[in-house]
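The structure under discussion appears below in the form of structure tokens.
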Amino acid sequence: MADLRSNFLGIKSPNPFWLASAPPTDKEYNVVRAFKAGWGGVVWKTLGEDPPIVNVSSRYGALHSADQRMIGFNNIELITDRPLDVNLREIKQVKRDWPDRAVVVSLMVPCTEEAWKGILPLVEDTGADAVELNFGCPHGMSERGMGSAVGQVPEYVGMVAKWCKQHTRMPVIVKLTPNITDIRKPARAAKEGGADAVSLINTINSITSIDLDIMAPTPTVDGKGTHGGYCGPAVKPIAMHMVADIARDPDTFGLPISAIGGIANWRDAAEFISLSAGTVQVCTAAMHYGFKIVDDMISGLTHWMDSKGYATIEDFRGRAVPNVTDWQFLNINYKSIARIDQNKCIKCGLCHIACEDTSHQSIAKIKDNGTRRYEVIEAECVGCNLCAHVCPVPDCISMVSVDTGKPYLNWTQDPRNPMRKAAE
């Protein structure tokens, strides 16, 4: 059976599934329940200085699919509003009671060396495994010069990382904000500042919906609303792109990554690990379905690894990174076309409608003895695979390779490329 044990920065946990810094990790009660359920680690909800944090009501908004599945989640909750000494005492007790689990503490304090120097020894005294510097929250705290207000300025990221490395022996993980044009820049700054790892992504600035009765964003607080932090399955593609960018950047190559963003099942986790993540952090899925979802994550990842012959997560970690490239290096001589399995086709016509109205008119609607069927016009098919995505029947439409007889050619090599012509 596959071994899911994780060793991230020397922090050992029985599996790579950690709960992210959020409401599920706000107190000892929750964390103990999570560990009993099987989670490998937690990042304790962000601690700050003791001047009280005051939250509002309500705090959450959501984006739902047609079947009412929550695919996007928005929150305007701030960092922990519990007293610092209470959190520290509980962290110490949890780590004492669960020495085999990862306990990382998220921190956010004003952007001064004295503030960071003051809180780090208090956390170190708990026996926590590491600290995660929260440079990501896009609401509430950013207006106070913290959170994403720091994470959006690479120079600040590097500066604070350097301070923390000077004032603690614990590993320092920098949590990056996605609310930036190029995620590589703060990641490079974190590495230059001495950070041991990065975690990403934090939440994305968003307004998920407008209440059309009161004409205000949701969640609504006394008739008003604001932007919040967006997470959940809908952000996974953005998170994977940013993780991949850091994993293949020569300036951050080899920098350990704890991946966050829309992870809801074992497959999501495997995809992030294939992009070099050493651990994966989960929040929205746990808030939606409860802590026991980790059972399915553990069993699913184990069975998949067994089927592929992977003994540990290191056997496939980062394997997808070499296959992530820039558009100009894709083979423009490669061709694929759609193929419809007539035995599976339910004759709904969605593929024909999508292709006829919005694509390349390459799926014919054929009437034969009072019945209809849909066939691909191979000469017209450009292999865009829109039809495969709109088809409601799994594996009914597949994309098959066509031998063009042409060698590999990318855009940088193509004589039609005006940039190439200019260089010549």
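In the structure tokens, each chain is lettered A, B, ... as it comes, each chain's residues begin at 1, and ligands are numbered from 1 in order of appearance.
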
Spatial neighbours of Pro110 (chain A), 10 Å, only C-alpha atoms, chain gap at least 5 places, as a PyMOL selection string | chain A and resi 48-49+115-116+141+144-147+150

Contacts of Tyr310 (chain A) at 10 Å (only C-alpha atoms; same-chain gap of 6+ positions) as a PyMOL selection string = chain A and resi 1-3+302-304+316

Once you have the residues from the selection above, write them out as a compact mmCIF listing (two decimals), in the first residue's frame, restricted to C-alpha atoms.
# COMPACT_ATOMS: atom_id res chain seq x y z
CA MET A 1 0.00 0.00 0.00
CA ALA A 2 1.21 3.51 -0.84
CA ASP A 3 2.92 5.45 1.95
CA THR A 302 -3.71 5.68 -1.81
CA HIS A 303 -5.64 3.62 -4.37
CA TRP A 304 -4.54 5.84 -7.25
CA PHE A 316 5.32 11.59 -8.59

For Ser299 (chain A), which residue among A:Thr252, A:Thr203, A:Asn7, A:Asn15 is the nearest when counting only C-alpha atoms?
->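 Closest to Ser299 (chain A) of all the choices is A:Asn15.
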
Restricting the calculation to only C-alpha atoms, which member of A:Pro99, A:Gly136, A:Gly194, A:Pro233 is positioned closest to Leu63 (chain A)?
-> A:Pro233

Write out as a list of chain:residue names which residues come within 6 Å of Ile260 (chain A) when counting only C-alpha atoms, dropping same-chain ones fewer than 6 positions away.
-> A:Leu200, A:Ile201, A:Val280, A:Gln281

Selected residues written out with N, CA and C atoms, as a CSV table (one decimal), in the first residue's frame:
chain,number,residue,atom,x,y,z
A,200,LEU,N,0.5,28.9,-1.3
A,200,LEU,CA,-0.3,29.7,-2.2
A,200,LEU,C,-1.4,28.7,-2.8
A,201,ILE,N,-2.6,29.4,-3.1
A,201,ILE,CA,-2.8,30.8,-3.1
A,201,ILE,C,-3.7,31.2,-1.9
A,280,VAL,N,-0.7,19.8,0.8
A,280,VAL,CA,-1.9,20.5,0.2
A,280,VAL,C,-2.7,21.0,1.4
A,281,GLN,N,-3.2,22.2,1.3
A,281,GLN,CA,-4.0,22.8,2.4
A,281,GLN,C,-5.5,22.9,1.9

Atom-to-atom span, CA of Pro121 (chain A) and CA of Thr168 (chain A), Å |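 Going from CA of Pro121 (chain A) over to CA of Thr168 (chain A), I get 6.8 Å.
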
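The shortest atom-to-atom distance to Thr279 (chain A), with only C-alpha atoms taken into account, belongs to A:Val42 out of A:Val31, A:Ile363, A:Val42, A:Val54.
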
Test item, strand (DSSP E) assignment across region 98-304 of chain A, answer as a PyMOL selection string | chain A and resi 102-107+130-134+172-175+197-200+204-206+209-211+216-218+228-231+257-260+277-282

Find, counting only C-alpha atoms, the residue in A:Arg248, A:His360, A:His352, A:His139 that gets nearest to Pro322 (chain A).
->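 Result for the nearest residue to Pro322 (chain A): A:Arg248.
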
Considering only C-alpha atoms, give me a table of residues in region 246-337 of chain A that are at most 12 Å from region 367-379 of chain A, with the closest atom pair and distance in Å for each, as a tab-separated table.
residue	atom	partner	partner_atom	distance
A:Lys335	CA	A:Glu378	CA	11.3
A:Ser336	CA	A:Glu378	CA	9.8
A:Ile337	CA	A:Glu378	CA	6.8

Store the residues picked out above, limited to N, CA and C atoms, as a CSV table (one decimal), in the first residue's frame.
chain,number,residue,atom,x,y,z
A,335,LYS,N,-1.9,17.6,-34.6
A,335,LYS,CA,-3.3,17.7,-34.9
A,335,LYS,C,-4.1,16.6,-34.2
A,336,SER,N,-5.2,17.0,-33.7
A,336,SER,CA,-6.2,16.0,-33.2
A,336,SER,C,-7.6,16.4,-33.7
A,337,ILE,N,-8.4,15.4,-33.8
A,337,ILE,CA,-9.8,15.6,-34.2
A,337,ILE,C,-10.8,14.9,-33.2

Test item, helix (DSSP H, G or I) assignment across region 195-263 of chain A, answer as a VMD selection string | chain A and resid 233 to 248

Residues near Phe8 (chain A), cut-off 12 Å, only C-alpha atoms, skip fewer than 6 positions along chain, as JSON, numbers by chain = {"A": [14, 15, 16, 17, 18, 40, 41, 101, 102, 103, 104, 129, 130, 171, 172, 173, 196, 197, 198, 199, 255, 256, 257, 258, 259, 276, 277, 278, 279, 280, 313, 314]}

Residues as selected, C-alpha atoms, written as a PDB file, in the first residue's frame, can you do that?
ATOM      1  CA  PRO A  14       1.058  11.029   8.405  1.00  0.00           C
ATOM      2  CA  ASN A  15      -0.334  12.421   5.147  1.00  0.00           C
ATOM      3  CA  PRO A  16       0.000  15.608   3.080  1.00  0.00           C
ATOM      4  CA  PHE A  17      -3.549  16.797   3.828  1.00  0.00           C
ATOM      5  CA  TRP A  18      -3.449  19.894   6.046  1.00  0.00           C
ATOM      6  CA  GLY A  40      -2.162  15.226   8.760  1.00  0.00           C
ATOM      7  CA  GLY A  41      -1.726  18.793   9.916  1.00  0.00           C
ATOM      8  CA  ARG A 101       0.757  15.920  13.400  1.00  0.00           C
ATOM      9  CA  ALA A 102       1.936  19.125  11.783  1.00  0.00           C
ATOM     10  CA  VAL A 103       0.982  22.298  13.636  1.00  0.00           C
ATOM     11  CA  VAL A 104       1.908  25.476  11.780  1.00  0.00           C
ATOM     12  CA  ASP A 129       6.457  23.217  13.885  1.00  0.00           C
ATOM     13  CA  ALA A 130       6.634  26.393  11.793  1.00  0.00           C
ATOM     14  CA  PRO A 171      10.847  27.231   9.536  1.00  0.00           C
ATOM     15  CA  VAL A 172       9.264  30.262   7.881  1.00  0.00           C
ATOM     16  CA  ILE A 173       6.585  29.753   5.232  1.00  0.00           C
ATOM     17  CA  ASP A 196      12.035  28.175   3.814  1.00  0.00           C
ATOM     18  CA  ALA A 197       8.909  27.716   1.694  1.00  0.00           C
ATOM     19  CA  VAL A 198       5.893  29.436   0.193  1.00  0.00           C
ATOM     20  CA  SER A 199       2.218  28.574   0.399  1.00  0.00           C
ATOM     21  CA  LEU A 255      11.547  26.252  -3.313  1.00  0.00           C
ATOM     22  CA  PRO A 256       9.184  24.048  -1.269  1.00  0.00           C
ATOM     23  CA  ILE A 257       5.498  24.734  -1.905  1.00  0.00           C
ATOM     24  CA  SER A 258       2.414  24.088   0.194  1.00  0.00           C
ATOM     25  CA  ALA A 259      -0.470  24.297  -2.259  1.00  0.00           C
ATOM     26  CA  SER A 276       5.720  19.994  -7.025  1.00  0.00           C
ATOM     27  CA  ALA A 277       3.621  20.731  -3.918  1.00  0.00           C
ATOM     28  CA  GLY A 278       4.885  18.970  -0.805  1.00  0.00           C
ATOM     29  CA  THR A 279       1.634  19.387   1.127  1.00  0.00           C
ATOM     30  CA  VAL A 280      -1.875  20.529   0.238  1.00  0.00           C
ATOM     31  CA  ILE A 313       4.275  10.993  -2.906  1.00  0.00           C
ATOM     32  CA  GLU A 314       7.890  11.801  -3.783  1.00  0.00           C
TER      33      GLU A 314
END

Distance criterion (only C-alpha atoms): nearest to His241 (chain A) out of A:Met215, A:Val324, A:Ile180, A:Ile210 =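 Nearest candidate to His241 (chain A) out of A:Met215, A:Val324, A:Ile180, A:Ile210: A:Val324.
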
Tell me, in Å to one decimal, how far CA of Ser362 (chain A) is from CA of Lys406 (chain A).
->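 CA of Lys406 (chain A) lies 22.9 Å from CA of Ser362 (chain A).
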
Give the answer as one residue: which of A:Cys283, A:Ala270, A:Val321, A:Leu330 has the shortest atom-to-atom distance to Ile298 (chain A), using only C-alpha atoms?
-> A:Ala270

Within 10 Å of Val393 (chain A) using only C-alpha atoms, minus same-chain residues under 2 positions, as an MDAnalysis selection string | chainID A and resid 344:346 348 388:391 395:397

Residues at most 10 Å from Thr218 (chain A), counting only C-alpha atoms, excluding those fewer than 5 positions away in the same chain, as a compact mmCIF listing (two decimals) with N, CA and C atoms, in the first residue's frame?
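Just written: around-v7.txt:
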# COMPACT_ATOMS: atom_id res chain seq x y z
N SER A 58 -23.35 39.46 8.48
CA SER A 58 -22.80 38.14 8.22
C SER A 58 -21.44 38.24 7.54
N ARG A 59 -20.85 37.03 7.23
CA ARG A 59 -19.46 37.04 6.80
C ARG A 59 -19.19 36.28 5.51
N TYR A 60 -20.13 35.42 5.09
CA TYR A 60 -19.86 34.53 3.97
C TYR A 60 -20.82 34.75 2.82
N GLY A 61 -20.27 34.62 1.62
CA GLY A 61 -21.08 34.59 0.41
C GLY A 61 -20.67 33.37 -0.40
N ALA A 62 -21.45 33.00 -1.40
CA ALA A 62 -21.13 31.80 -2.15
C ALA A 62 -21.62 31.90 -3.59
N ASN A 74 -16.95 33.05 -0.64
CA ASN A 74 -16.41 34.39 -0.37
C ASN A 74 -16.53 34.67 1.12
N ASN A 75 -15.48 35.23 1.71
CA ASN A 75 -15.59 35.57 3.12
C ASN A 75 -15.00 36.95 3.40
N ILE A 76 -15.59 37.62 4.39
CA ILE A 76 -15.07 38.92 4.83
C ILE A 76 -14.66 38.84 6.30
N ILE A 207 -16.46 39.98 -5.40
CA ILE A 207 -17.85 40.15 -4.97
C ILE A 207 -18.62 39.02 -5.64
N THR A 208 -19.18 38.11 -4.87
CA THR A 208 -19.78 36.91 -5.47
C THR A 208 -21.18 37.14 -6.00
N SER A 209 -21.91 38.07 -5.41
CA SER A 209 -23.27 38.29 -5.90
C SER A 209 -23.82 39.60 -5.36
N ILE A 210 -24.88 40.06 -5.99
CA ILE A 210 -25.61 41.25 -5.55
C ILE A 210 -27.02 40.83 -5.16
N ASP A 211 -27.44 41.22 -3.98
CA ASP A 211 -28.82 41.01 -3.56
C ASP A 211 -29.67 42.05 -4.30
N GLY A 223 -27.22 46.35 5.31
CA GLY A 223 -27.54 47.00 4.04
C GLY A 223 -26.36 47.34 3.16
N LYS A 224 -25.14 47.06 3.62
CA LYS A 224 -23.94 47.34 2.85
C LYS A 224 -23.14 46.05 2.65
N GLY A 225 -22.29 46.06 1.63
CA GLY A 225 -21.41 44.91 1.41
C GLY A 225 -20.06 45.38 0.92
N THR A 226 -19.10 44.48 0.86
CA THR A 226 -17.75 44.84 0.45
C THR A 226 -17.13 43.66 -0.28
N HIS A 227 -15.96 43.90 -0.86
CA HIS A 227 -15.24 42.78 -1.47
C HIS A 227 -14.72 41.86 -0.37
N GLY A 228 -14.54 40.61 -0.74
CA GLY A 228 -14.00 39.64 0.21
C GLY A 228 -12.99 38.74 -0.44
